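Worksheet: one structure, shown below.
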Amino acid sequence: MIKLIVKRFLKVKQNPNLENRHIYGLTASCVGIGLNVLLFVIKLTAALLSGSVSIIADAVNNISDAASSVITLVGFKLSKQGADTEHPNGHGRVEYVASFLVSLLIIVMGYESGKYAIKKIVSPEEITLDIITVVILLFSVLIKLYMYFYNKNIGKAINSSSMIATAKDSISDVAATLGVLAAVLITRLTNFYADGFFGAAVSIFIVYTGLSSAKESGTLLIGKAPSAEFIKRLENIVLSHKGISGIHDISYHDYGPERKMVSLHAEMSSEYDISTAHDLVDIIERELFESLGVEAVVHIDPVCFDSHFEEIRDSLIKAIKEVNGNYSIHDLRVLRTPEGLTLYFDTSVPYGDKTPDKEIKAQLTKAVKQLDPTYHSVITIDRRDV
């Protein structure tokens with residue numbers, strides 16, 4: 001239905017992608033608002049007919065979903081604004097802010113419906129069940145399944161974290177509504193008033209969904225690390241160019257789905273002149289943008305690849321691995337002085353390693369001295385996982 005609306009009424013012929021993401025995002029949000037309001041009305045009707053608190057909790061969940069769609073819609077609208085003097089990297093992160101606000105709203109709604117459910121546990125009331133109530137609940141399950149699939153598919157196509165979160169919320173709603181139906185049936189067919197308990201369970205489920213969504217959107221706001229697959233693809237692209245022997249110090253910056261930046265250091269033979277190195281960097285940066293959609297800045301680290309340098313490098317790599325198999329080195333430079341060789345290098349240490357930098361340097365300095373007592377070392381500890 002989303003694609004039909006976009007193509008017929010908005011005259012956009014292409015399938016959802018990054019170029020038309022705002023059109024699809026706004027349309028999907030509007031459809032979500034309409035469907036959730038519809039579900040709220042019919043579930044509230046069913047709740048009034050049956051007197052079921054769990055159906056009321058489920059109805060409240062739908063109106064919170066409608067409010068979430070409104071926030072998502074506003075987020076899409078604001079994030080479309082380009083860069084300006086105060087925001088040189090654009091407004092793309094507004095989508096992440098919108099996702100976080102949606103998460104907070106879900107948590108509040110779950111909490112409020114939970115308080116009402118507890119009252120029903122303490123003071124249970126008889127509920128009625130008719131075929132209309134069952135049909136309404138089953139109809140809402142079908143609607144939520146539809147919303148799950150369109151939010152998931154379009155969200156992936158346009159790289160929208162808020163739509164993917166909405167998809168997860170929709171499939172959670174399916175499980176919640178089926179639980180509500182079970183509660184109504186159990187309460188109606190037995191002497192056990194399960195309605196309040198199921199209402200509380202639905203509320204807990206809503207709060208859990210909100211907390212999970214808040215964690216994801218909060219991570220995006222703080223700065224989420226790129227995926228291992230992304231790093232692998234980036235390495236393959238850069239290292240495929242003749243003259244590049246290694247890369248390190250990869251930094252990733254996410255300013256929204258349409259603006260992602262990466263900087264890295266690439267090791268290149270010192271035999272290349274400046275013009276040749278500059279031209280190669282331009283080619284690599286352009287290829288990274290075309291293949292990965294990121295604006296790249298590549299810094300060249302010149303390396304002297306004579307036989308003696310390679311022998312020192314290989315021995316040093318082996319020595320560092322013996323200290324800790326998770327450590328690696330980069331940016332190695334060898335400087336000859338009257339007192340001997342001085343090795344300048346950076347050591348990458350994973351974030352999870354809690355060993356103090358001073359202690360790591362002492363261990364590495366000792367390892368260098370074991371290679372050759374005349375070697376001196378100047379070591380920089382580089383905390384990163386990529």
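Identifiers for the structure tokens are assigned positionally: chains receive A, B, ... in sequence, residues are indexed from 1 per chain, and ligands are indexed from 1 in the order shown.
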TODO: For Lys369 of chain A, please output as a PyMOL selection string all residues within 12 Å (counting only C-alpha atoms; exclusion window: fewer than 5 positions along the same chain).
DONE: chain A and resi 315-316+319-320+340-343+362-364+374-377
Would you write out, as CSV, a table of all residues in segment 66-147 of chain A that have an atom no more than 9 Å from an atom of segment 247-268 of chain A, listing for each the closest atom pair and the distance in Å to one decimal, considering only C-alpha atoms and ordering rows by chain and rising residue number?
```
residue,atom,partner,partner_atom,distance
A:Ser79,CA,A:Gly256,CA,8.2
A:Asn89,CA,A:Tyr255,CA,6.6
A:Gly90,CA,A:Tyr255,CA,7.4
A:His91,CA,A:Gly256,CA,7.4
A:Gly92,CA,A:Gly256,CA,3.9
A:Arg93,CA,A:Gly256,CA,4.7
A:Val94,CA,A:Gly256,CA,7.8
A:Glu95,CA,A:Gly256,CA,7.3
A:Tyr96,CA,A:Gly256,CA,7.7
```
TODO: Excluding Ser348 of chain A and any residue of its chain fewer than 2 positions from it, enumerate the residues within 8 Å of it, using only C-alpha atoms, and give them as a PyMOL selection string.
DONE: chain A and resi 327-330+346+350+381-385
Open item on the list: Between atom CA of Leu48 of chain A and atom CA of Val202 of chain A, what is the distance in Å, rounded to a tenth?
Closed with: 18.2 Å
- [ ] Determine which residues of segment 143-249 of chain A DSSP labels as helix (DSSP H, G or I) from the backbone of this structure, then write them out as a count of residues only.
- [x] 85
Could I get the residues of segment 124-187 of chain A with an atom no further than 12 Å from an atom of segment 207-214 of chain A, each paired with its nearest atom pair and that distance in Å to one decimal, using only C-alpha atoms, sorted by chain and residue number, as a Markdown table?
```
| residue | atom | partner | partner_atom | distance |
| --- | --- | --- | --- | --- |
| A:Ser161 | CA | A:Ser213 | CA | 9.6 |
| A:Ser162 | CA | A:Ser213 | CA | 8.9 |
| A:Met163 | CA | A:Ser213 | CA | 11.2 |
| A:Ile164 | CA | A:Ser213 | CA | 9.9 |
| A:Ala165 | CA | A:Ser213 | CA | 6.4 |
| A:Thr166 | CA | A:Ser213 | CA | 9.0 |
| A:Ala167 | CA | A:Ser213 | CA | 11.1 |
| A:Lys168 | CA | A:Thr209 | CA | 8.2 |
| A:Asp169 | CA | A:Thr209 | CA | 6.7 |
| A:Ser170 | CA | A:Thr209 | CA | 10.2 |
| A:Ile171 | CA | A:Thr209 | CA | 10.6 |
| A:Ser172 | CA | A:Thr209 | CA | 7.7 |
| A:Asp173 | CA | A:Thr209 | CA | 9.8 |
| A:Ala176 | CA | A:Thr209 | CA | 11.3 |
```
Open item on the list: At a cut-off of 10 Å, using only C-alpha atoms, what residues contact Asp130 of chain A? Leave out same-chain residues fewer than 6 positions from it and give the result as a VMD selection string.
Closed with: chain A and resid 46 49 to 50
Open item on the list: Quick check, in Å to one decimal: how far apart do atom CA of Leu39 of chain A and atom CA of Gly155 of chain A lie?
Closed with: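 So the answer is 22.0 Å.
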